[in-house]
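Okay, data_0.csv now, which holds CSV, C-alpha atoms:
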chain,number,residue,atom,x,y,z
A,61,MET,CA,0.0,27.0,-11.5
A,62,THR,CA,-1.6,23.8,-10.4
A,63,GLY,CA,-0.5,22.3,-13.7
A,64,VAL,CA,3.1,23.1,-13.0
A,65,PHE,CA,3.0,21.8,-9.5
A,66,SER,CA,1.2,18.6,-10.7
A,67,VAL,CA,3.9,18.0,-13.3
A,68,ILE,CA,6.7,18.6,-10.8
A,69,ILE,CA,5.1,16.1,-8.3
A,70,ILE,CA,4.6,13.6,-11.1
A,71,ILE,CA,8.3,13.8,-12.0
A,72,ALA,CA,9.2,13.4,-8.3
A,73,ILE,CA,6.9,10.3,-8.1
A,74,LEU,CA,8.6,8.9,-11.2
A,75,VAL,CA,12.0,9.5,-9.6
A,76,ALA,CA,10.9,7.8,-6.4
A,77,LEU,CA,9.6,4.9,-8.4
A,78,GLY,CA,12.9,4.7,-10.3
A,79,PHE,CA,14.9,4.6,-7.0
A,80,GLY,CA,12.6,1.9,-5.9
A,81,LEU,CA,13.4,-0.1,-9.0
A,82,ILE,CA,17.1,0.5,-8.5
A,83,GLY,CA,16.8,-0.8,-4.9
A,84,MET,CA,14.9,-3.9,-6.2
A,85,VAL,CA,17.5,-4.7,-8.8
A,86,LYS,CA,20.3,-4.2,-6.3
A,87,GLY,CA,18.8,-6.6,-3.8
A,88,GLY,CA,20.1,-7.5,-0.3
A,89,LYS,CA,19.4,-5.6,2.9
A,90,SER,CA,20.4,-2.1,1.6
A,91,GLY,CA,18.6,-2.6,-1.7
A,92,SER,CA,15.5,-3.7,0.1
A,93,ASP,CA,15.6,-0.8,2.5
A,94,LYS,CA,16.1,1.7,-0.4
A,95,MET,CA,13.2,0.2,-2.3
A,96,PHE,CA,10.8,0.4,0.6
A,97,LYS,CA,11.7,4.0,1.5
A,98,SER,CA,11.4,5.0,-2.1
A,99,LEU,CA,8.0,3.4,-2.4
A,100,VAL,CA,6.8,5.1,0.8
A,101,ILE,CA,7.8,8.5,-0.7
A,102,ARG,CA,6.1,7.5,-4.0
A,103,VAL,CA,2.8,6.7,-2.2
A,104,SER,CA,3.0,9.9,-0.1
A,105,LEU,CA,3.6,12.1,-3.1
A,106,SER,CA,0.7,10.4,-5.0
A,107,VAL,CA,-1.7,11.1,-2.2
A,108,LEU,CA,-0.5,14.7,-2.2
A,109,LEU,CA,-1.0,15.1,-5.9
A,110,PHE,CA,-4.5,13.6,-5.7
A,111,ILE,CA,-5.4,16.1,-3.0
A,112,LEU,CA,-3.9,19.0,-4.9
A,113,VAL,CA,-5.8,18.2,-8.1
A,114,MET,CA,-9.1,17.6,-6.3
A,115,PHE,CA,-8.7,20.8,-4.2
A,116,SER,CA,-7.7,22.8,-7.3
A,117,GLY,CA,-10.8,21.5,-9.1
A,118,TYR,CA,-13.0,22.3,-6.1
A,119,MET,CA,-11.6,25.8,-5.9
A,120,GLY,CA,-12.0,26.3,-9.6
A,121,TRP,CA,-8.3,26.8,-10.3
A,122,ILE,CA,-8.5,24.0,-12.9
A,123,THR,CA,-11.4,22.7,-14.9
A,124,PRO,CA,-11.9,19.1,-15.9
A,125,ASN,CA,-11.6,17.9,-19.5
A,126,ALA,CA,-14.9,16.9,-20.9
A,127,ILE,CA,-15.6,13.8,-22.9
A,128,MET,CA,-17.0,13.9,-26.4
A,129,VAL,CA,-19.0,11.6,-28.6
A,130,ASP,CA,-18.3,10.4,-32.1
A,131,ALA,CA,-21.1,12.3,-33.9
A,132,PRO,CA,-19.4,14.5,-36.4
A,133,VAL,CA,-20.1,18.2,-35.9
A,134,ILE,CA,-20.9,20.0,-39.1
A,135,PRO,CA,-22.2,23.5,-39.3
A,136,THR,CA,-25.6,23.5,-41.0
A,137,SER,CA,-24.6,26.3,-43.3
A,138,ILE,CA,-22.2,24.1,-45.2
A,139,GLN,CA,-24.2,20.8,-45.1
A,140,LYS,CA,-25.5,19.4,-48.4
B,200,MET,CA,23.7,-25.1,-5.3
B,201,SER,CA,27.1,-23.4,-4.6
B,202,GLU,CA,27.7,-19.7,-5.2
B,203,GLN,CA,30.5,-20.5,-7.6
B,204,GLU,CA,28.6,-22.9,-9.8
B,205,TYR,CA,27.2,-21.3,-12.9
B,206,TYR,CA,23.4,-21.9,-13.0
B,207,VAL,CA,22.2,-23.5,-16.2
B,208,PRO,CA,18.4,-23.8,-16.4
B,209,HIS,CA,17.0,-27.2,-17.2
B,210,GLY,CA,15.0,-27.9,-20.3
B,211,THR,CA,11.3,-27.2,-20.2
B,212,TYR,CA,8.3,-27.6,-22.3
B,213,TRP,CA,6.3,-24.8,-20.7
B,214,PRO,CA,7.3,-22.0,-23.2
B,215,ILE,CA,5.9,-23.9,-26.2
B,216,ILE,CA,2.7,-24.7,-24.3
B,217,GLY,CA,2.4,-21.0,-23.5
B,218,SER,CA,2.9,-20.1,-27.2
B,219,ILE,CA,0.3,-22.6,-28.3
B,220,GLY,CA,-2.1,-21.3,-25.6
B,221,VAL,CA,-1.7,-17.6,-26.4
B,222,SER,CA,-1.9,-18.2,-30.2
B,223,THR,CA,-5.1,-20.2,-29.8
B,224,LEU,CA,-6.5,-17.5,-27.5
B,225,PHE,CA,-5.9,-14.8,-30.1
B,226,VAL,CA,-7.0,-16.8,-33.1
B,227,GLY,CA,-10.2,-17.5,-31.2
B,228,PHE,CA,-10.5,-13.9,-30.1
B,229,ALA,CA,-10.0,-12.5,-33.6
B,230,ASN,CA,-12.6,-14.9,-35.0
B,231,GLN,CA,-15.0,-14.1,-32.2
B,232,MET,CA,-14.7,-10.4,-33.1
B,233,HIS,CA,-15.6,-11.3,-36.7
B,234,GLY,CA,-18.7,-13.2,-35.5
B,235,VAL,CA,-17.3,-16.6,-36.4
B,236,GLU,CA,-19.3,-19.4,-34.7
B,237,TRP,CA,-16.4,-21.3,-33.2
B,238,GLY,CA,-14.5,-18.2,-32.1
B,239,GLY,CA,-15.7,-18.2,-28.5
B,240,SER,CA,-14.9,-22.0,-28.0
B,241,VAL,CA,-11.4,-21.7,-29.5
B,242,MET,CA,-10.8,-18.6,-27.3
B,243,ALA,CA,-11.9,-20.5,-24.2
B,244,LEU,CA,-9.6,-23.4,-25.1
B,245,GLY,CA,-6.7,-21.0,-25.6
B,246,LEU,CA,-7.4,-19.4,-22.3
B,247,ALA,CA,-7.5,-22.8,-20.6
B,248,ILE,CA,-4.1,-23.8,-22.1
B,249,THR,CA,-2.6,-20.4,-21.0
B,250,VAL,CA,-3.9,-20.8,-17.5
B,251,PHE,CA,-2.6,-24.4,-17.4
B,252,MET,CA,0.8,-23.2,-18.5
B,253,MET,CA,0.9,-20.4,-15.9
B,254,PHE,CA,0.0,-22.8,-13.1
B,255,GLY,CA,2.5,-25.4,-14.3
B,256,TRP,CA,5.4,-23.0,-15.1
B,257,PHE,CA,5.1,-20.7,-12.1
B,258,GLY,CA,4.5,-23.6,-9.8
B,259,GLN,CA,7.7,-25.2,-11.0
B,260,VAL,CA,9.7,-22.1,-10.4
B,261,VAL,CA,8.2,-21.6,-6.9
B,262,ASN,CA,9.0,-25.2,-6.1
B,263,GLU,CA,12.6,-24.8,-7.2
B,264,SER,CA,12.9,-21.7,-5.2
B,265,THR,CA,11.5,-23.2,-2.0
B,266,ASN,CA,13.7,-26.3,-2.4
B,267,GLY,CA,16.8,-24.1,-2.3
B,268,ILE,CA,17.9,-24.8,-5.9
B,269,TYR,CA,18.6,-21.2,-6.7
B,270,ASN,CA,21.7,-19.3,-5.5
B,271,LYS,CA,22.4,-15.6,-5.4
B,272,GLN,CA,23.4,-15.6,-9.0
B,273,VAL,CA,19.9,-16.8,-10.0
B,274,ASP,CA,18.4,-14.2,-7.6
B,275,ARG,CA,20.3,-11.5,-9.5
B,276,SER,CA,19.1,-12.7,-12.8
B,277,PHE,CA,15.5,-12.7,-11.6
B,278,ARG,CA,15.9,-9.1,-10.5
B,279,TRP,CA,17.4,-8.1,-13.8
B,280,GLY,CA,14.7,-10.0,-15.7
B,281,MET,CA,12.0,-8.1,-13.8
B,282,SER,CA,13.7,-4.8,-14.5
B,283,TRP,CA,13.8,-5.5,-18.3
B,284,PHE,CA,10.1,-6.5,-18.2
B,285,ILE,CA,9.4,-3.2,-16.4
B,286,PHE,CA,11.4,-1.3,-18.9
B,287,SER,CA,9.3,-2.7,-21.7
B,288,GLU,CA,6.2,-1.7,-19.8
B,289,VAL,CA,7.4,1.8,-19.3
B,290,MET,CA,8.2,2.1,-23.0
B,291,PHE,CA,4.7,0.8,-23.8
B,292,PHE,CA,2.9,3.3,-21.7
B,293,ALA,CA,5.3,6.1,-22.7
B,294,ALA,CA,4.4,5.4,-26.3
B,295,PHE,CA,0.7,5.8,-25.6
B,296,PHE,CA,1.1,8.8,-23.4
B,297,GLY,CA,3.3,10.2,-26.2
B,298,ALA,CA,0.5,9.6,-28.7
B,299,LEU,CA,-2.0,11.4,-26.3
B,300,PHE,CA,0.3,14.4,-26.1
B,301,TYR,CA,1.1,14.4,-29.8
B,302,ALA,CA,-2.5,14.3,-30.8
B,303,ARG,CA,-3.7,16.8,-28.3
B,304,ALA,CA,-0.9,19.4,-28.4
B,305,LEU,CA,0.3,19.1,-32.0
B,306,SER,CA,-1.6,17.1,-34.7
B,307,VAL,CA,-5.2,18.2,-33.8
B,308,PRO,CA,-4.3,21.9,-33.7
B,309,TRP,CA,-2.4,21.5,-37.0
B,310,LEU,CA,-5.5,19.9,-38.6
B,311,GLY,CA,-7.4,22.8,-37.3
B,312,GLY,CA,-5.1,25.2,-39.1
B,313,ALA,CA,-2.7,26.2,-36.4
B,314,ASP,CA,0.5,27.9,-37.4
B,315,ASN,CA,-1.2,29.5,-40.4
B,316,ASN,CA,-2.1,26.2,-41.9
B,317,ILE,CA,1.5,25.5,-42.7
B,318,PHE,CA,1.1,21.8,-41.9
B,319,THR,CA,-2.3,21.2,-43.4
B,320,PRO,CA,-2.9,23.8,-46.1
B,321,ASP,CA,-5.4,21.8,-48.2
B,322,LEU,CA,-7.8,20.6,-45.6
B,323,TRP,CA,-11.5,21.3,-45.6
B,324,ASN,CA,-11.6,24.8,-44.2
B,325,ALA,CA,-14.7,24.1,-42.1
B,326,PHE,CA,-12.9,21.5,-40.0
B,327,SER,CA,-13.0,22.5,-36.4
B,328,ALA,CA,-10.2,21.3,-34.3
B,329,SER,CA,-11.5,20.1,-30.9
B,330,TRP,CA,-9.9,17.8,-28.5
B,331,HIS,CA,-13.3,17.1,-26.9
B,332,GLN,CA,-16.2,17.5,-29.3
B,333,MET,CA,-19.0,18.1,-26.9
B,334,ALA,CA,-21.8,16.9,-29.2
B,335,PHE,CA,-24.4,16.0,-26.7
B,336,LEU,CA,-26.8,18.4,-28.2
B,337,ALA,CA,-30.0,18.1,-30.2
B,338,PRO,CA,-29.7,18.9,-33.9
B,339,GLY,CA,-30.2,22.6,-34.5
B,340,THR,CA,-28.9,23.6,-31.2
B,341,GLU,CA,-27.5,27.0,-31.2
B,342,LEU,CA,-24.1,27.2,-29.7
B,343,GLN,CA,-22.7,30.2,-27.8
B,344,SER,CA,-20.8,31.3,-30.9
B,345,GLY,CA,-24.1,31.5,-32.8
B,346,THR,CA,-23.3,28.6,-35.1
B,347,VAL,CA,-26.2,26.3,-35.6
B,348,MET,CA,-25.0,22.7,-35.4
B,349,SER,CA,-26.5,19.5,-36.7
B,350,PHE,CA,-25.4,15.9,-36.5
B,351,PRO,CA,-26.0,13.6,-39.5
B,352,ASP,CA,-25.8,10.4,-37.4
B,353,VAL,CA,-28.3,11.6,-34.9
B,354,PRO,CA,-32.1,10.8,-35.5
B,355,ALA,CA,-34.3,13.8,-36.4
B,356,SER,CA,-35.8,13.7,-32.9
B,357,GLY,CA,-32.4,14.6,-31.6
B,358,ILE,CA,-30.7,13.1,-28.6
B,359,ALA,CA,-30.9,14.1,-25.0
B,360,THR,CA,-29.0,17.2,-24.2
B,361,ALA,CA,-26.3,16.6,-21.6
B,362,THR,CA,-23.5,18.6,-20.4
B,363,PRO,CA,-20.1,17.0,-20.7
B,364,ALA,CA,-20.1,16.6,-16.9
B,365,ASP,CA,-23.0,14.3,-17.2
B,366,VAL,CA,-21.0,12.0,-19.5
B,367,VAL,CA,-17.9,11.2,-17.7
B,368,ASP,CA,-17.6,13.4,-14.6
B,369,PRO,CA,-14.0,13.5,-13.3
B,370,TRP,CA,-15.5,14.1,-9.8
B,371,GLY,CA,-17.4,10.9,-10.1
B,372,LEU,CA,-16.1,7.4,-11.0
B,373,PRO,CA,-12.6,8.5,-12.2
B,374,ALA,CA,-12.0,10.3,-8.8
B,375,LEU,CA,-13.4,7.4,-6.9
B,376,ASN,CA,-11.2,5.0,-8.9
B,377,THR,CA,-8.1,7.1,-8.3
B,378,ALA,CA,-8.9,7.1,-4.6
B,379,LEU,CA,-9.3,3.3,-4.6
B,380,LEU,CA,-6.1,2.7,-6.4
B,381,LEU,CA,-4.2,5.2,-4.2
B,382,ALA,CA,-5.6,3.5,-1.2
B,383,SER,CA,-4.4,0.1,-2.6
B,384,GLY,CA,-0.9,1.6,-2.9
B,385,VAL,CA,-1.1,2.6,0.8
B,386,THR,CA,-2.4,-0.9,1.9
B,387,LEU,CA,0.3,-2.6,-0.1
B,388,THR,CA,3.0,-0.4,1.6
B,389,PHE,CA,1.6,-1.5,4.9
B,390,ALA,CA,1.8,-5.1,3.8
B,391,HIS,CA,5.4,-4.5,2.6
B,392,HIS,CA,6.2,-3.1,6.0
B,393,ALA,CA,4.6,-6.0,7.8
B,394,LEU,CA,6.6,-8.4,5.7
B,395,ARG,CA,9.8,-6.7,6.5
B,396,ALA,CA,8.9,-6.7,10.2
B,397,GLY,CA,7.9,-10.4,10.0
B,398,HIS,CA,4.2,-10.0,10.9
B,399,ARG,CA,2.6,-12.6,8.7
B,400,ASN,CA,-1.0,-12.1,9.8
B,401,GLN,CA,-0.8,-8.4,9.1
B,402,ILE,CA,0.6,-9.0,5.6
B,403,VAL,CA,-2.3,-11.3,4.8
B,404,GLY,CA,-4.8,-8.6,6.0
B,405,TRP,CA,-3.2,-5.8,4.0
B,406,LEU,CA,-2.8,-7.9,0.9
B,407,VAL,CA,-6.4,-8.9,1.0
B,408,ALA,CA,-7.4,-5.2,1.3
B,409,THR,CA,-5.1,-4.4,-1.6
B,410,ILE,CA,-6.6,-7.0,-3.9
B,411,ALA,CA,-10.1,-6.0,-2.9
B,412,LEU,CA,-9.4,-2.4,-3.7
B,413,GLY,CA,-8.0,-3.5,-7.1
B,414,VAL,CA,-11.0,-5.6,-7.9
B,415,ALA,CA,-13.3,-2.7,-6.9
B,416,PHE,CA,-11.3,-0.4,-9.2
B,417,LEU,CA,-11.9,-2.9,-12.1
B,418,GLY,CA,-15.6,-3.1,-11.3
B,419,PHE,CA,-16.0,0.7,-11.4
B,420,GLN,CA,-13.9,0.9,-14.5
B,421,ILE,CA,-16.3,-1.5,-16.3
B,422,MET,CA,-19.2,0.7,-15.1
B,423,GLU,CA,-17.4,3.7,-16.5
B,424,TYR,CA,-16.8,2.0,-19.8
B,425,SER,CA,-20.4,1.0,-20.1
B,426,HIS,CA,-21.5,4.5,-19.3
B,427,ALA,CA,-19.1,6.1,-21.8
B,428,TYR,CA,-19.8,3.5,-24.5
B,429,HIS,CA,-23.6,4.0,-24.3
B,430,ASP,CA,-23.1,7.7,-24.4
B,431,GLY,CA,-21.3,7.3,-27.7
B,432,LEU,CA,-17.6,7.3,-26.8
B,433,LYS,CA,-16.1,4.4,-28.7
B,434,LEU,CA,-12.7,3.4,-30.1
B,435,THR,CA,-13.9,4.9,-33.3
B,436,SER,CA,-14.6,8.3,-31.7
B,437,GLY,CA,-11.7,9.9,-33.3
B,438,ILE,CA,-8.2,10.3,-31.8
B,439,TYR,CA,-9.6,11.0,-28.3
B,440,GLY,CA,-11.7,7.8,-28.2
B,441,SER,CA,-8.8,5.7,-29.5
B,442,THR,CA,-6.3,7.1,-27.0
B,443,PHE,CA,-8.8,7.0,-24.2
B,444,TYR,CA,-9.7,3.3,-24.6
B,445,MET,CA,-6.1,2.3,-25.5
B,446,LEU,CA,-4.6,3.9,-22.4
B,447,THR,CA,-7.4,3.1,-19.9
B,448,GLY,CA,-8.0,-0.4,-21.4
B,449,PHE,CA,-4.4,-1.5,-21.2
B,450,HIS,CA,-4.1,0.0,-17.8
B,451,GLY,CA,-7.2,-2.0,-16.7
B,452,PHE,CA,-5.5,-5.1,-18.2
B,453,HIS,CA,-2.4,-4.4,-16.1
B,454,VAL,CA,-4.5,-4.0,-13.0
B,455,THR,CA,-6.1,-7.4,-13.7
B,456,VAL,CA,-2.7,-9.0,-14.1
B,457,GLY,CA,-1.4,-7.2,-11.0
B,458,ALA,CA,-4.4,-8.4,-9.0
B,459,ILE,CA,-3.8,-12.0,-10.1
B,460,MET,CA,-0.1,-11.7,-9.2
B,461,LEU,CA,-1.0,-10.3,-5.8
B,462,THR,CA,-3.4,-13.2,-5.2
B,463,VAL,CA,-0.5,-15.6,-6.0
B,464,ILE,CA,1.7,-13.7,-3.6
B,465,LEU,CA,-1.0,-13.9,-0.9
B,466,TYR,CA,-1.1,-17.7,-1.4
B,467,ARG,CA,2.7,-17.8,-1.1
B,468,VAL,CA,2.7,-15.6,2.0
B,469,GLN,CA,0.2,-18.0,3.7
B,470,LYS,CA,2.5,-20.9,2.7
B,471,GLY,CA,5.4,-19.2,4.4
B,472,HIS,CA,7.5,-18.8,1.2
B,473,PHE,CA,8.8,-15.4,2.3
B,474,ASP,CA,10.7,-14.0,5.3
B,475,ALA,CA,11.9,-10.6,6.3
B,476,ASP,CA,15.1,-10.9,4.3
B,477,ASN,CA,14.2,-13.0,1.3
B,478,HIS,CA,11.0,-11.9,-0.6
B,479,PHE,CA,11.9,-11.0,-4.1
B,480,GLY,CA,8.6,-12.4,-5.4
B,481,PHE,CA,6.8,-9.9,-3.2
B,482,GLU,CA,9.1,-7.0,-4.1
B,483,GLY,CA,8.6,-7.6,-7.9
B,484,VAL,CA,4.9,-7.7,-7.7
B,485,ALA,CA,4.7,-4.7,-5.2
B,486,TRP,CA,6.8,-2.6,-7.5
B,487,TYR,CA,4.6,-3.6,-10.5
B,488,TRP,CA,1.5,-2.6,-8.5
B,489,HIS,CA,3.1,0.8,-7.6
B,490,PHE,CA,3.9,1.3,-11.3
B,491,VAL,CA,0.3,0.5,-12.4
B,492,ASP,CA,-0.9,3.0,-9.7
B,493,VAL,CA,1.4,5.7,-11.0
B,494,VAL,CA,0.2,5.1,-14.6
B,495,TRP,CA,-3.4,5.6,-13.5
B,496,LEU,CA,-2.5,8.8,-11.6
B,497,GLY,CA,-0.9,10.1,-14.8
B,498,LEU,CA,-4.0,9.1,-16.7
B,499,PHE,CA,-6.3,10.8,-14.2
B,500,VAL,CA,-4.3,14.0,-14.2
B,501,PHE,CA,-3.7,14.3,-17.9
B,502,VAL,CA,-6.8,12.7,-19.5
B,503,TYR,CA,-9.4,14.0,-17.1
B,504,TRP,CA,-8.0,17.2,-15.7
B,505,LEU,CA,-5.0,19.0,-17.3

Representation of the structure as structure tokens:
Amino acid sequence: MTGVFSVIIIIAILVALGFGLIGMVKGGKSGSDKMFKSLVIRVSLSVLLFILVMFSGYMGWITPNAIMVDAPVIPTSIQK
Amino acid sequence: MSEQEYYVPHGTYWPIIGSIGVSTLFVGFANQMHGVEWGGSVMALGLAITVFMMFGWFGQVVNESTNGIYNKQVDRSFRWGMSWFIFSEVMFFAAFFGALFYARALSVPWLGGADNNIFTPDLWNAFSASWHQMAFLAPGTELQSGTVMSFPDVPASGIATATPADVVDPWGLPALNTALLLASGVTLTFAHHALRAGHRNQIVGWLVATIALGVAFLGFQIMEYSHAYHDGLKLTSGIYGSTFYMLTGFHGFHVTVGAIMLTVILYRVQKGHFDADNHFGFEGVAWYWHFVDVVWLGLFVFVYWL
């Protein structure tokens, strides 16, 4: 469930960022206002997403991906 | 310049100097990577030429802007130019996020025999598909499945056993870095607000905070790289290592570029180049920083967590 919410929030962040870009390209007072408001929404949603992921991790609803090393893993049974 | 007059840019030698600088930089870099003696010197020379070009070219554009040479037509072309640059950046990161998704969700499972081996019928049947090979175990360690594993590249004495969480813990540096970058997005938004309200001193303070947070992010990222590299995660560590370093490395490069651009904007704010109504330079850099921030958030969520 956290994954679904995260993806939804990320899409919303991208949409807000996109509106910010449109405002920037448009320019002028209205474009500048639109850009600023969109970026405020983008920052707020980002903070929300970070809190959601951290809280979900803390609650154990999601588990972090681990990092591996490059040593090849070969079962002894088939090693020469 | 009148609004009706069509703006034709004057001739300039800066692009060719930039080309020479960047070419020299990469020839030096490539040779440095191959251990050629003069590689480092040529690289430094290329960097010096590139920096010289940036100071010269950007300085010229700033001077033209402050001298009122540009009209609204030019302003519009700057905005469109920035949007195309951003489009190329979005496509760049989309390609690497796409590679991450393809490898993780499709190609690695196929290699492991997913879908009844329909895609990879002739592969070595002992290949074990794993997005994260958690190989921080001593040779001969018995896994939960009962399979005894060994590692040809690991000395007979084995290596220290560590849980994956000890290697790169998403609660540690990645979370801290995400918090730093998010905080920089917040401080930049305050700077943006202060600029629109005409409070120059506040803009300077918030911009300094944004740059400091960005630099702190880079410092911790170097620490994380060092940690991961010494624990064996390299560009050659399979598809995960490649995509991990490609994405985070280019993101780090973008943060570096963004921090440099913010520093230039800070200088321009102090010089009084912007006012509440005309500050495209600030807007362009601010948007870029927000974009870089969002890319990291995507990295943090998809690489470390989901």

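All residues of protein, DNA or RNA that reach within 12 Å of Phe300 of chain B, judged by all atoms listed in the file and not counting those fewer than 2 positions away in the chain, are Ala293, Ala294, Phe295, Phe296, Gly297, Ala298, Ala302, Arg303, Ala304, Leu305, Ser306, Val307, Pro308, Trp330, Ile438, Tyr439, Thr442, Phe443, Leu498, Phe501, Val502 and Leu505 of chain B.
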
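Only residues having an atom at most 9 Å from (5.0, 8.4, -5.2) are included; using only C-alpha atoms, these are Ile69, Ile70, Ala72, Ile73, Leu74, Val75, Ala76, Leu77, Ser98, Leu99, Val100, Ile101, Arg102, Val103, Ser104, Leu105, Ser106, Val107 and Leu108 of chain A; His489 and Val493 of chain B.
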
Practice task
Identify which of the residues B:Gly404, B:Gly384, B:Gly267, B:Gly451 lies closest to chain A, counting all atoms listed in the file when measuring atom-to-atom distances.
Solution key: B:Gly384

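Minimum atom-to-atom distances from B:Ser425, B:Lys271, B:Gly234, B:Arg467 to Gly88 of chain A were compared using all atoms listed in the file, and the lowest value belongs to B:Lys271.
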
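Coordinates place atom CA of Arg395 of chain B at a distance of 7.5 Å from atom CA of Asp474 of chain B.
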
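Here the question is which of A:Leu81, A:Leu112, A:Met119, A:Ile71 gets nearest to chain B using only C-alpha atoms, and that residue is A:Leu81.
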
Missing atoms in segment 395-412 of chain B should be modelled up to N, CA and C atoms and reported as an mmCIF file, in the frame of the given file.
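Result saved to rebuild00.cif:
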data_model
loop_
_atom_site.group_PDB
_atom_site.id
_atom_site.type_symbol
_atom_site.label_atom_id
_atom_site.label_comp_id
_atom_site.auth_asym_id
_atom_site.auth_seq_id
_atom_site.Cartn_x
_atom_site.Cartn_y
_atom_site.Cartn_z
ATOM 1 N N ARG B 395 8.481 -6.994 6.088
ATOM 2 C CA ARG B 395 9.800 -6.700 6.500
ATOM 3 C C ARG B 395 9.977 -6.834 8.049
ATOM 4 N N ALA B 396 8.838 -6.624 8.756
ATOM 5 C CA ALA B 396 8.900 -6.700 10.200
ATOM 6 C C ALA B 396 8.539 -8.183 10.667
ATOM 7 N N GLY B 397 8.175 -9.041 9.703
ATOM 8 C CA GLY B 397 7.900 -10.400 10.000
ATOM 9 C C GLY B 397 6.532 -10.704 10.636
ATOM 10 N N HIS B 398 5.561 -9.832 10.361
ATOM 11 C CA HIS B 398 4.200 -10.000 10.900
ATOM 12 C C HIS B 398 3.289 -10.620 9.841
ATOM 13 N N ARG B 399 3.252 -11.951 9.794
ATOM 14 C CA ARG B 399 2.600 -12.600 8.700
ATOM 15 C C ARG B 399 1.061 -12.322 8.637
ATOM 16 N N ASN B 400 0.409 -12.333 9.794
ATOM 17 C CA ASN B 400 -1.000 -12.100 9.800
ATOM 18 C C ASN B 400 -1.397 -10.712 9.244
ATOM 19 N N GLN B 401 -0.564 -9.756 9.611
ATOM 20 C CA GLN B 401 -0.800 -8.400 9.100
ATOM 21 C C GLN B 401 -0.617 -8.328 7.589
ATOM 22 N N ILE B 402 0.392 -9.056 7.107
ATOM 23 C CA ILE B 402 0.600 -9.000 5.600
ATOM 24 C C ILE B 402 -0.613 -9.551 4.931
ATOM 25 N N VAL B 403 -1.153 -10.655 5.441
ATOM 26 C CA VAL B 403 -2.300 -11.300 4.800
ATOM 27 C C VAL B 403 -3.481 -10.244 4.753
ATOM 28 N N GLY B 404 -3.730 -9.592 5.880
ATOM 29 C CA GLY B 404 -4.800 -8.600 6.000
ATOM 30 C C GLY B 404 -4.656 -7.480 4.963
ATOM 31 N N TRP B 405 -3.447 -6.912 4.941
ATOM 32 C CA TRP B 405 -3.200 -5.800 4.000
ATOM 33 C C TRP B 405 -3.226 -6.195 2.577
ATOM 34 N N LEU B 406 -2.741 -7.415 2.315
ATOM 35 C CA LEU B 406 -2.800 -7.900 0.900
ATOM 36 C C LEU B 406 -4.202 -8.129 0.449
ATOM 37 N N VAL B 407 -5.013 -8.701 1.339
ATOM 38 C CA VAL B 407 -6.400 -8.900 1.000
ATOM 39 C C VAL B 407 -7.095 -7.575 0.685
ATOM 40 N N ALA B 408 -6.787 -6.578 1.520
ATOM 41 C CA ALA B 408 -7.400 -5.200 1.300
ATOM 42 C C ALA B 408 -6.892 -4.675 -0.044
ATOM 43 N N THR B 409 -5.615 -4.870 -0.375
ATOM 44 C CA THR B 409 -5.100 -4.400 -1.600
ATOM 45 C C THR B 409 -5.780 -5.000 -2.833
ATOM 46 N N ILE B 410 -5.931 -6.329 -2.760
ATOM 47 C CA ILE B 410 -6.600 -7.000 -3.900
ATOM 48 C C ILE B 410 -8.048 -6.586 -3.987
ATOM 49 N N ALA B 411 -8.721 -6.450 -2.841
ATOM 50 C CA ALA B 411 -10.100 -6.000 -2.900
ATOM 51 C C ALA B 411 -10.264 -4.641 -3.487
ATOM 52 N N LEU B 412 -9.357 -3.739 -3.149
ATOM 53 C CA LEU B 412 -9.400 -2.400 -3.700
ATOM 54 C C LEU B 412 -9.156 -2.445 -5.241
#
